[in-house]
>>> print(open('upload37.cif').read())   # mmCIF, C-alpha atoms
data_entry
loop_
_atom_site.label_atom_id
_atom_site.label_comp_id
_atom_site.auth_asym_id
_atom_site.auth_seq_id
_atom_site.Cartn_x
_atom_site.Cartn_y
_atom_site.Cartn_z
CA MET A 12 -2.15 8.37 -14.37
CA LEU A 13 -4.89 10.70 -13.75
CA THR A 14 -6.08 11.49 -8.89
CA PHE A 15 -3.50 10.95 -11.56
CA LEU A 16 -5.95 12.04 -11.73
CA CYS A 17 -7.95 14.19 -9.67
CA LEU A 18 -8.11 16.10 -12.89
CA PHE A 19 -11.49 14.58 -13.08
CA ALA A 20 -12.75 16.31 -10.01
CA LEU A 21 -13.62 18.87 -12.66
CA VAL A 22 -16.84 16.93 -12.71
CA LEU A 23 -18.27 19.49 -10.38
CA GLY A 24 -20.30 21.11 -13.12
CA VAL A 25 -19.83 24.82 -13.59
CA LYS A 26 -20.73 27.32 -16.27
CA SER A 27 -18.63 30.25 -15.14
CA ALA A 28 -16.71 32.86 -17.10
CA SER A 29 -13.42 31.28 -16.05
CA ALA A 30 -14.38 27.67 -16.80
CA PRO A 31 -17.20 27.61 -19.39
CA PHE A 32 -16.24 24.14 -20.61
CA ILE A 33 -17.81 22.39 -17.62
CA THR A 34 -21.52 21.54 -17.58
CA PRO A 35 -23.36 22.24 -14.31
CA CYS A 36 -24.81 19.19 -12.54
CA LYS A 37 -27.06 18.64 -9.57
CA VAL A 38 -25.66 16.90 -6.52
CA GLY A 39 -26.34 13.18 -6.85
CA ASP A 40 -26.57 13.22 -10.66
CA SER A 41 -23.67 10.85 -11.27
CA ALA A 42 -24.36 10.44 -14.99
CA CYS A 43 -24.14 14.21 -15.48
CA PHE A 44 -20.94 14.43 -13.46
CA VAL A 45 -19.31 11.65 -15.52
CA ALA A 46 -20.33 13.25 -18.83
CA SER A 47 -19.14 16.67 -17.68
CA ALA A 48 -15.82 15.27 -16.51
CA GLN A 49 -15.26 13.35 -19.73
CA ALA A 50 -15.85 16.46 -21.82
CA ALA A 51 -13.42 18.45 -19.67
CA VAL A 52 -10.57 15.91 -19.79
CA PRO A 53 -8.92 16.91 -23.12
CA ILE A 54 -9.39 20.63 -22.42
CA VAL A 55 -7.74 20.54 -19.01
CA ALA A 56 -5.07 18.10 -20.17
CA ALA A 57 -4.02 20.61 -22.82
CA GLY A 58 -3.41 23.19 -20.09
CA ILE A 59 -5.22 26.41 -19.23
CA PRO A 60 -2.61 29.13 -18.57
CA ASP A 61 -5.24 31.70 -17.54
CA LEU A 62 -6.22 29.42 -14.65
CA GLY A 63 -2.66 28.47 -13.74
CA ILE A 64 -3.08 24.93 -15.07
CA LYS A 65 -0.04 23.63 -16.89
CA PRO A 66 -0.31 20.99 -19.64
CA LEU A 67 -0.93 17.46 -18.42
CA ASP A 68 -0.50 15.78 -21.81
CA PRO A 69 2.37 15.61 -22.28
CA LEU A 70 3.27 15.95 -18.61
CA HIS A 71 6.86 16.58 -17.56
CA ILE A 72 8.03 15.33 -14.16
CA SER A 73 11.55 16.37 -13.20
CA VAL A 74 12.41 13.67 -10.65
CA ILE A 75 10.71 10.56 -9.26
CA ASN A 76 12.44 8.76 -6.40
CA GLY A 77 11.48 5.52 -4.73
CA ASN A 78 12.69 2.71 -2.51
CA GLN A 79 10.36 -0.23 -2.88
CA GLY A 80 11.20 -3.52 -1.20
CA GLY A 81 14.96 -3.15 -1.56
CA LEU A 82 14.79 -1.57 -5.03
CA GLU A 83 16.15 1.95 -5.24
CA LEU A 84 14.92 3.83 -8.29
CA THR A 85 15.28 7.29 -9.75
CA PHE A 86 13.49 8.53 -12.86
CA LYS A 87 14.50 11.91 -14.29
CA ASP A 88 12.91 14.12 -16.95
CA THR A 89 9.96 11.78 -17.30
CA ILE A 90 7.45 12.57 -20.04
CA VAL A 91 3.98 11.10 -19.56
CA ARG A 92 1.76 10.87 -22.63
CA GLY A 93 -1.84 9.75 -22.86
CA LEU A 94 -3.70 11.52 -20.03
CA SER A 95 -5.95 13.36 -22.48
CA GLY A 96 -7.38 9.97 -23.51
CA CYS A 97 -8.42 8.90 -20.01
CA HIS A 98 -11.95 7.55 -19.55
CA VAL A 99 -13.99 8.66 -16.56
CA GLU A 100 -15.69 5.60 -15.06
CA GLY A 101 -17.30 7.01 -11.96
CA VAL A 102 -17.83 10.16 -9.92
CA LYS A 103 -19.22 10.86 -6.47
CA ASN A 104 -19.39 14.40 -5.15
CA ASP A 105 -20.74 15.49 -1.75
CA PRO A 106 -20.39 19.28 -1.29
CA ALA A 107 -22.04 19.17 2.15
CA LYS A 108 -19.44 16.73 3.49
CA LYS A 109 -16.74 18.22 1.24
CA LYS A 110 -15.85 14.79 -0.10
CA GLN A 111 -15.09 13.70 -3.66
CA ALA A 112 -14.39 10.31 -5.21
CA VAL A 113 -13.37 9.71 -8.82
CA THR A 114 -12.54 6.59 -10.82
CA ILE A 115 -10.74 6.82 -14.16
CA LYS A 116 -9.08 4.43 -16.58
CA CYS A 117 -6.05 5.48 -18.64
CA SER A 118 -3.41 4.09 -20.94
CA VAL A 119 -0.13 6.00 -20.78
CA THR A 120 3.46 5.89 -21.96
CA LEU A 121 6.37 7.13 -19.87
CA THR A 122 9.83 7.91 -21.21
CA GLY A 123 12.90 9.44 -19.61
CA ASP A 124 16.13 8.60 -17.79
CA TYR A 125 16.35 5.95 -15.10
CA LYS A 126 18.68 4.56 -12.48
CA LEU A 127 17.90 1.25 -10.75
CA SER A 128 19.83 -0.72 -8.16
CA GLY A 129 18.94 -3.50 -5.76
CA LYS A 130 16.54 -6.38 -6.21
CA LEU A 131 13.41 -6.42 -8.38
CA LEU A 132 11.20 -9.18 -7.02
CA VAL A 133 13.67 -12.09 -6.84
CA LEU A 134 16.29 -10.85 -9.30
CA PRO A 135 19.18 -8.43 -8.77
CA ILE A 136 19.00 -5.47 -11.12
CA GLU A 137 21.28 -2.55 -11.88
CA GLY A 138 21.36 -0.03 -14.66
CA GLU A 139 21.30 3.57 -15.78
CA GLY A 140 20.06 4.97 -19.08
CA LYS A 141 16.86 5.60 -21.03
CA TYR A 142 13.58 3.94 -20.14
CA ASN A 143 10.16 3.40 -21.68
CA ILE A 144 7.13 2.08 -19.80
CA LYS A 145 3.78 1.46 -21.48
CA ILE A 146 0.80 0.91 -19.20
CA ARG A 147 -2.53 -0.26 -20.61
CA ASP A 148 -5.76 0.33 -18.74
CA ILE A 149 -4.67 1.50 -15.32
CA VAL A 150 -7.70 2.18 -13.13
CA ILE A 151 -7.11 4.87 -10.54
CA LYS A 152 -9.50 5.63 -7.71
CA THR A 153 -9.05 8.84 -5.78
CA ALA A 154 -10.67 10.44 -2.75
CA ASN A 155 -10.34 14.12 -1.83
CA ASP A 156 -11.02 15.99 1.39
CA LEU A 157 -11.87 19.65 0.86
CA VAL A 158 -11.79 22.78 2.97
CA THR A 159 -13.25 26.20 2.20
CA VAL A 160 -10.96 29.23 2.00
CA THR A 161 -11.51 32.85 1.07
CA GLY A 162 -10.30 33.64 -2.44
CA ALA A 163 -8.78 36.81 -3.82
CA ASP A 164 -12.27 37.78 -4.96
CA GLY A 165 -13.52 37.65 -1.38
CA LYS A 166 -15.70 34.60 -2.10
CA PRO A 167 -15.44 31.09 -0.64
CA HIS A 168 -13.30 28.71 -2.72
CA TRP A 169 -12.59 25.04 -2.29
CA HIS A 170 -9.10 23.80 -1.54
CA ILE A 171 -7.93 20.18 -1.60
CA GLU A 172 -6.66 19.63 1.92
CA SER A 173 -5.71 15.97 1.47
CA TRP A 174 -6.12 13.12 -0.99
CA LYS A 175 -5.43 9.44 -1.34
CA HIS A 176 -5.51 6.98 -4.20
CA THR A 177 -5.41 3.35 -5.20
CA TYR A 178 -4.67 1.83 -8.58
CA GLU A 179 -4.81 -1.42 -10.51
CA VAL A 180 -3.52 -2.23 -13.99
CA LYS A 181 -6.16 -4.26 -15.82
CA THR A 182 -4.62 -5.14 -19.19
CA GLY A 183 -0.84 -5.03 -19.13
CA ALA A 184 2.45 -3.17 -18.91
CA HIS A 185 5.69 -3.32 -20.90
CA PHE A 186 9.06 -2.22 -19.56
CA GLN A 187 12.18 -1.27 -21.50
CA PHE A 188 15.34 -0.24 -19.65
CA GLU A 189 18.33 0.48 -21.84
CA ASN A 190 21.85 -0.31 -20.61
CA LEU A 191 20.93 -2.73 -17.86
CA PHE A 192 24.06 -4.14 -16.22
CA ASN A 193 26.13 -1.64 -18.20
CA GLY A 194 24.99 -3.14 -21.50
CA ASN A 195 25.79 -6.77 -20.64
CA LYS A 196 23.16 -8.64 -22.66
CA VAL A 197 23.92 -11.96 -21.01
CA LEU A 198 22.73 -10.50 -17.71
CA ALA A 199 20.18 -8.04 -19.08
CA THR A 200 18.12 -10.23 -21.44
CA PRO A 201 16.86 -12.72 -18.81
CA VAL A 202 15.91 -9.85 -16.51
CA GLU A 203 14.05 -8.04 -19.29
CA GLU A 204 12.14 -11.20 -20.18
CA PHE A 205 11.31 -11.87 -16.54
CA VAL A 206 10.15 -8.30 -15.94
CA ASN A 207 7.74 -8.31 -18.88
CA SER A 208 6.46 -11.81 -18.16
CA ASN A 209 5.66 -10.78 -14.60
CA TRP A 210 4.45 -7.26 -15.35
CA LYS A 211 1.70 -7.25 -12.70
CA ASP A 212 4.11 -8.00 -9.85
CA VAL A 213 6.70 -5.60 -11.27
CA MET A 214 4.09 -2.83 -11.34
CA GLN A 215 3.65 -3.24 -7.61
CA GLU A 216 7.40 -2.69 -7.14
CA VAL A 217 8.06 0.07 -9.68
CA ALA A 218 4.80 1.95 -10.15
CA PRO A 219 3.83 3.40 -6.72
CA PRO A 220 6.14 6.46 -6.81
CA ILE A 221 5.36 6.97 -10.50
CA VAL A 222 1.60 6.90 -10.03
CA ARG A 223 1.77 9.12 -6.96
CA SER A 224 3.87 11.70 -8.84
CA ILE A 225 1.36 11.82 -11.68
CA VAL A 226 -1.62 12.06 -9.33
CA SER A 227 0.11 14.85 -7.43
CA GLU A 228 0.50 16.89 -10.63
CA VAL A 229 -3.17 16.45 -11.47
CA VAL A 230 -4.25 17.38 -7.95
CA ALA A 231 -2.32 20.63 -8.38
CA ALA A 232 -4.22 21.29 -11.62
CA VAL A 233 -7.58 20.73 -9.93
CA ASP A 234 -6.61 22.92 -7.00
CA ALA A 235 -5.70 25.68 -9.46
CA LEU A 236 -9.20 25.38 -10.90
CA TYR A 237 -10.73 25.68 -7.45
CA LYS A 238 -8.61 28.75 -6.77
CA ALA A 239 -9.97 30.40 -9.91
CA VAL A 240 -13.64 29.40 -9.58
CA PRO A 241 -15.78 30.27 -6.50
CA ALA A 242 -17.32 27.34 -4.65
CA GLU A 243 -20.81 28.73 -5.33
CA ASP A 244 -20.25 28.07 -9.04
CA LEU A 245 -19.13 24.48 -8.66
CA TYR A 246 -22.50 22.75 -8.53
CA LEU A 247 -26.22 23.38 -8.90
CA GLN A 248 -28.15 23.95 -5.69
#
>>> encode(input="upload37.cif", output="structure tokens")
Amino acid sequence: MLTFLCLFALVLGVKSASAPFITPCKVGDSACFVASAQAAVPIVAAGIPDLGIKPLDPLHISVINGNQGGLELTFKDTIVRGLSGCHVEGVKNDPAKKKQAVTIKCSVTLTGDYKLSGKLLVLPIEGEGKYNIKIRDIVIKTANDLVTVTGADGKPHWHIESWKHTYEVKTGAHFQFENLFNGNKVLATPVEEFVNSNWKDVMQEVAPPIVRSIVSEVVAAVDALYKAVPAEDLYLQ
């Protein structure tokens, strides 16, 4: 939950010695950019140690903290699976303005340890234990602002100066939190049923820090690619 997934800014089309898996594209050739990005997704998601890109599928996130509308949440040792299966839906790249925009759709599963306290929508919630969240068809749109820096090779390289994202879950989400209310099923069962019946609203409460953490990891992967590959190799003139 992939700019969870700026990963797909790899669309820039390059046939270089350091990144031969990307097909070069002309500026404005959106179809080429999408095809190039789609082909690169599983390769980059597997990790490329020589380029300083760690594996994104599975992706390990140590800590995710959030305070959303009176709900305090902490997720630890989260494992995200499914990013290698993301589908690239759209790409816009403007080297002259140093702007990029990418739209992807992914289905992912997150597992790890959680701690929740406060109010989730209208219900009080409290618990600590293992969690499992399955998200089907989350569409993430990202926008990057780039700057040019001098690389170790003396050539200009792109660097992601800032980024922003939006997301929407199209199909559904399922939440499982073990040991809610210290294992009290009388209190936990109604909350679990409510959460999964109102998954879209719950996603607005729970997902923002999760999605941002994933996107941040993918941005780091893309920036590592830019650090390794000169800007002159990133698109066809």
>>> residues_around(input="upload37.cif", residues="Gly81 of chain A", least_positions_apart="4", cutoff="8 Å", atoms="only C-alpha atoms", output="JSON, numbers by chain")
{"A": [129, 130, 131]}
>>> residues_around(input="upload37.cif", residues="Pro106 of chain A", least_positions_apart="2", cutoff="9 Å", atoms="all atoms listed in the file", output="CSV table (one decimal) with C-alpha atoms, in the frame of the given file")
chain,number,residue,atom,x,y,z
A,38,VAL,CA,-25.7,16.9,-6.5
A,104,ASN,CA,-19.4,14.4,-5.2
A,108,LYS,CA,-19.4,16.7,3.5
A,109,LYS,CA,-16.7,18.2,1.2
A,110,LYS,CA,-15.8,14.8,-0.1
A,111,GLN,CA,-15.1,13.7,-3.7
A,157,LEU,CA,-11.9,19.6,0.9
A,246,TYR,CA,-22.5,22.8,-8.5
>>> closest_residue(input="upload37.cif", among="A:Ile225, A:Leu134, A:Val206, A:Ala48", to="Val91 of chain A", atoms="all atoms listed in the file")
A:Ile225
>>> atom_distance(input="upload37.cif", atom1="atom CA of Ala42 of chain A", atom2="atom CA of Ser95 of chain A")
20.1 Å
>>> resolve_selection(input="upload37.cif", expression="the PyMOL selection byres ((chain A and resi 79) around 12)", output="ChimeraX atom specification")
/A:76-78,80-85,127-132,213-221
>>> residues_near_point(input="upload37.cif", point="(-8.4, 24.1, -6.6)", cutoff="7 Å", atoms="all atoms listed in the file", output="PyMOL selection string")
chain A and resi 169-171+233-238
>>> resolve_selection(input="upload37.cif", expression="the PyMOL selection byres ((chain A and resi 63-75) around 10)", output="VMD selection string")
chain A and resid 13 15 to 16 18 52 to 62 76 to 77 84 to 96 119 to 125 220 to 225 228 to 229 231 to 236 238 to 239
>>> closest_residue(input="upload37.cif", among="A:Arg147, A:His98, A:Lys152, A:Lys141", to="His176 of chain A", atoms="only C-alpha atoms")
A:Lys152
>>> atom_distance(input="upload37.cif", atom1="atom CA of Gly183 of chain A", atom2="atom CA of Cys97 of chain A")
15.9 Å
>>> atom_distance(input="upload37.cif", atom1="atom CA of Val230 of chain A", atom2="atom CA of Asp156 of chain A")
11.6 Å
>>> closest_residue(input="upload37.cif", among="A:Val202, A:Glu243, A:Gly39, A:Gly101", to="Gly162 of chain A", atoms="only C-alpha atoms")
A:Glu243
>>> closest_residue(input="upload37.cif", among="A:Ala50, A:Lys196, A:Pro241, A:Lys37", to="Thr161 of chain A", atoms="only C-alpha atoms")
A:Pro241
>>> closest_residue(input="upload37.cif", among="A:Thr34, A:Gln187, A:Gln49, A:Thr182", to="Ser118 of chain A", atoms="only C-alpha atoms")
A:Thr182
>>> build_atoms(input="upload37.cif", residues="segment 66-82 of chain A", atoms="N, CA, C and O atoms", output="mmCIF file, in the frame of the given file")
data_model
loop_
_atom_site.group_PDB
_atom_site.id
_atom_site.type_symbol
_atom_site.label_atom_id
_atom_site.label_comp_id
_atom_site.auth_asym_id
_atom_site.auth_seq_id
_atom_site.Cartn_x
_atom_site.Cartn_y
_atom_site.Cartn_z
ATOM 1 N N PRO A 66 0.079 22.160 -18.847
ATOM 2 C CA PRO A 66 -0.310 20.990 -19.640
ATOM 3 C C PRO A 66 -0.073 19.677 -18.904
ATOM 4 O O PRO A 66 0.944 19.492 -18.240
ATOM 5 N N LEU A 67 -1.036 18.780 -19.022
ATOM 6 C CA LEU A 67 -0.930 17.460 -18.420
ATOM 7 C C LEU A 67 -0.676 16.377 -19.472
ATOM 8 O O LEU A 67 -0.433 15.228 -19.125
ATOM 9 N N ASP A 68 -0.762 16.744 -20.747
ATOM 10 C CA ASP A 68 -0.500 15.780 -21.810
ATOM 11 C C ASP A 68 0.147 16.499 -22.988
ATOM 12 O O ASP A 68 -0.555 17.146 -23.769
ATOM 13 N N PRO A 69 1.482 16.399 -23.137
ATOM 14 C CA PRO A 69 2.370 15.610 -22.280
ATOM 15 C C PRO A 69 2.636 16.290 -20.939
ATOM 16 O O PRO A 69 2.574 17.513 -20.826
ATOM 17 N N LEU A 70 2.940 15.475 -19.951
ATOM 18 C CA LEU A 70 3.270 15.950 -18.610
ATOM 19 C C LEU A 70 4.738 15.685 -18.342
ATOM 20 O O LEU A 70 5.218 14.566 -18.531
ATOM 21 N N HIS A 71 5.440 16.716 -17.900
ATOM 22 C CA HIS A 71 6.860 16.580 -17.560
ATOM 23 C C HIS A 71 7.018 16.504 -16.048
ATOM 24 O O HIS A 71 6.500 17.343 -15.315
ATOM 25 N N ILE A 72 7.721 15.480 -15.578
ATOM 26 C CA ILE A 72 8.030 15.330 -14.160
ATOM 27 C C ILE A 72 9.543 15.289 -14.013
ATOM 28 O O ILE A 72 10.201 14.404 -14.561
ATOM 29 N N SER A 73 10.097 16.217 -13.277
ATOM 30 C CA SER A 73 11.550 16.370 -13.200
ATOM 31 C C SER A 73 12.228 15.155 -12.564
ATOM 32 O O SER A 73 13.162 14.583 -13.129
ATOM 33 N N VAL A 74 11.757 14.765 -11.374
ATOM 34 C CA VAL A 74 12.410 13.670 -10.650
ATOM 35 C C VAL A 74 11.352 12.825 -9.941
ATOM 36 O O VAL A 74 10.420 13.362 -9.328
ATOM 37 N N ILE A 75 11.524 11.510 -10.019
ATOM 38 C CA ILE A 75 10.710 10.560 -9.260
ATOM 39 C C ILE A 75 11.672 9.644 -8.522
ATOM 40 O O ILE A 75 12.495 8.973 -9.150
ATOM 41 N N ASN A 76 11.579 9.620 -7.205
ATOM 42 C CA ASN A 76 12.440 8.760 -6.400
ATOM 43 C C ASN A 76 11.600 7.724 -5.675
ATOM 44 O O ASN A 76 10.448 7.980 -5.304
ATOM 45 N N GLY A 77 12.188 6.547 -5.465
ATOM 46 C CA GLY A 77 11.480 5.520 -4.730
ATOM 47 C C GLY A 77 12.421 4.481 -4.159
ATOM 48 O O GLY A 77 13.524 4.275 -4.661
ATOM 49 N N ASN A 78 11.969 3.843 -3.095
ATOM 50 C CA ASN A 78 12.690 2.710 -2.510
ATOM 51 C C ASN A 78 11.636 1.686 -2.132
ATOM 52 O O ASN A 78 11.002 1.779 -1.087
ATOM 53 N N GLN A 79 11.438 0.727 -3.012
ATOM 54 C CA GLN A 79 10.360 -0.230 -2.880
ATOM 55 C C GLN A 79 10.933 -1.631 -2.662
ATOM 56 O O GLN A 79 11.480 -2.231 -3.586
ATOM 57 N N GLY A 80 10.801 -2.145 -1.469
ATOM 58 C CA GLY A 80 11.200 -3.520 -1.200
ATOM 59 C C GLY A 80 12.635 -3.837 -1.549
ATOM 60 O O GLY A 80 12.924 -4.903 -2.100
ATOM 61 N N GLY A 81 13.550 -2.916 -1.267
ATOM 62 C CA GLY A 81 14.960 -3.150 -1.560
ATOM 63 C C GLY A 81 15.384 -2.696 -2.940
ATOM 64 O O GLY A 81 16.545 -2.861 -3.326
ATOM 65 N N LEU A 82 14.464 -2.106 -3.708
ATOM 66 C CA LEU A 82 14.790 -1.570 -5.030
ATOM 67 C C LEU A 82 14.838 -0.053 -4.956
ATOM 68 O O LEU A 82 13.836 0.606 -4.674
#
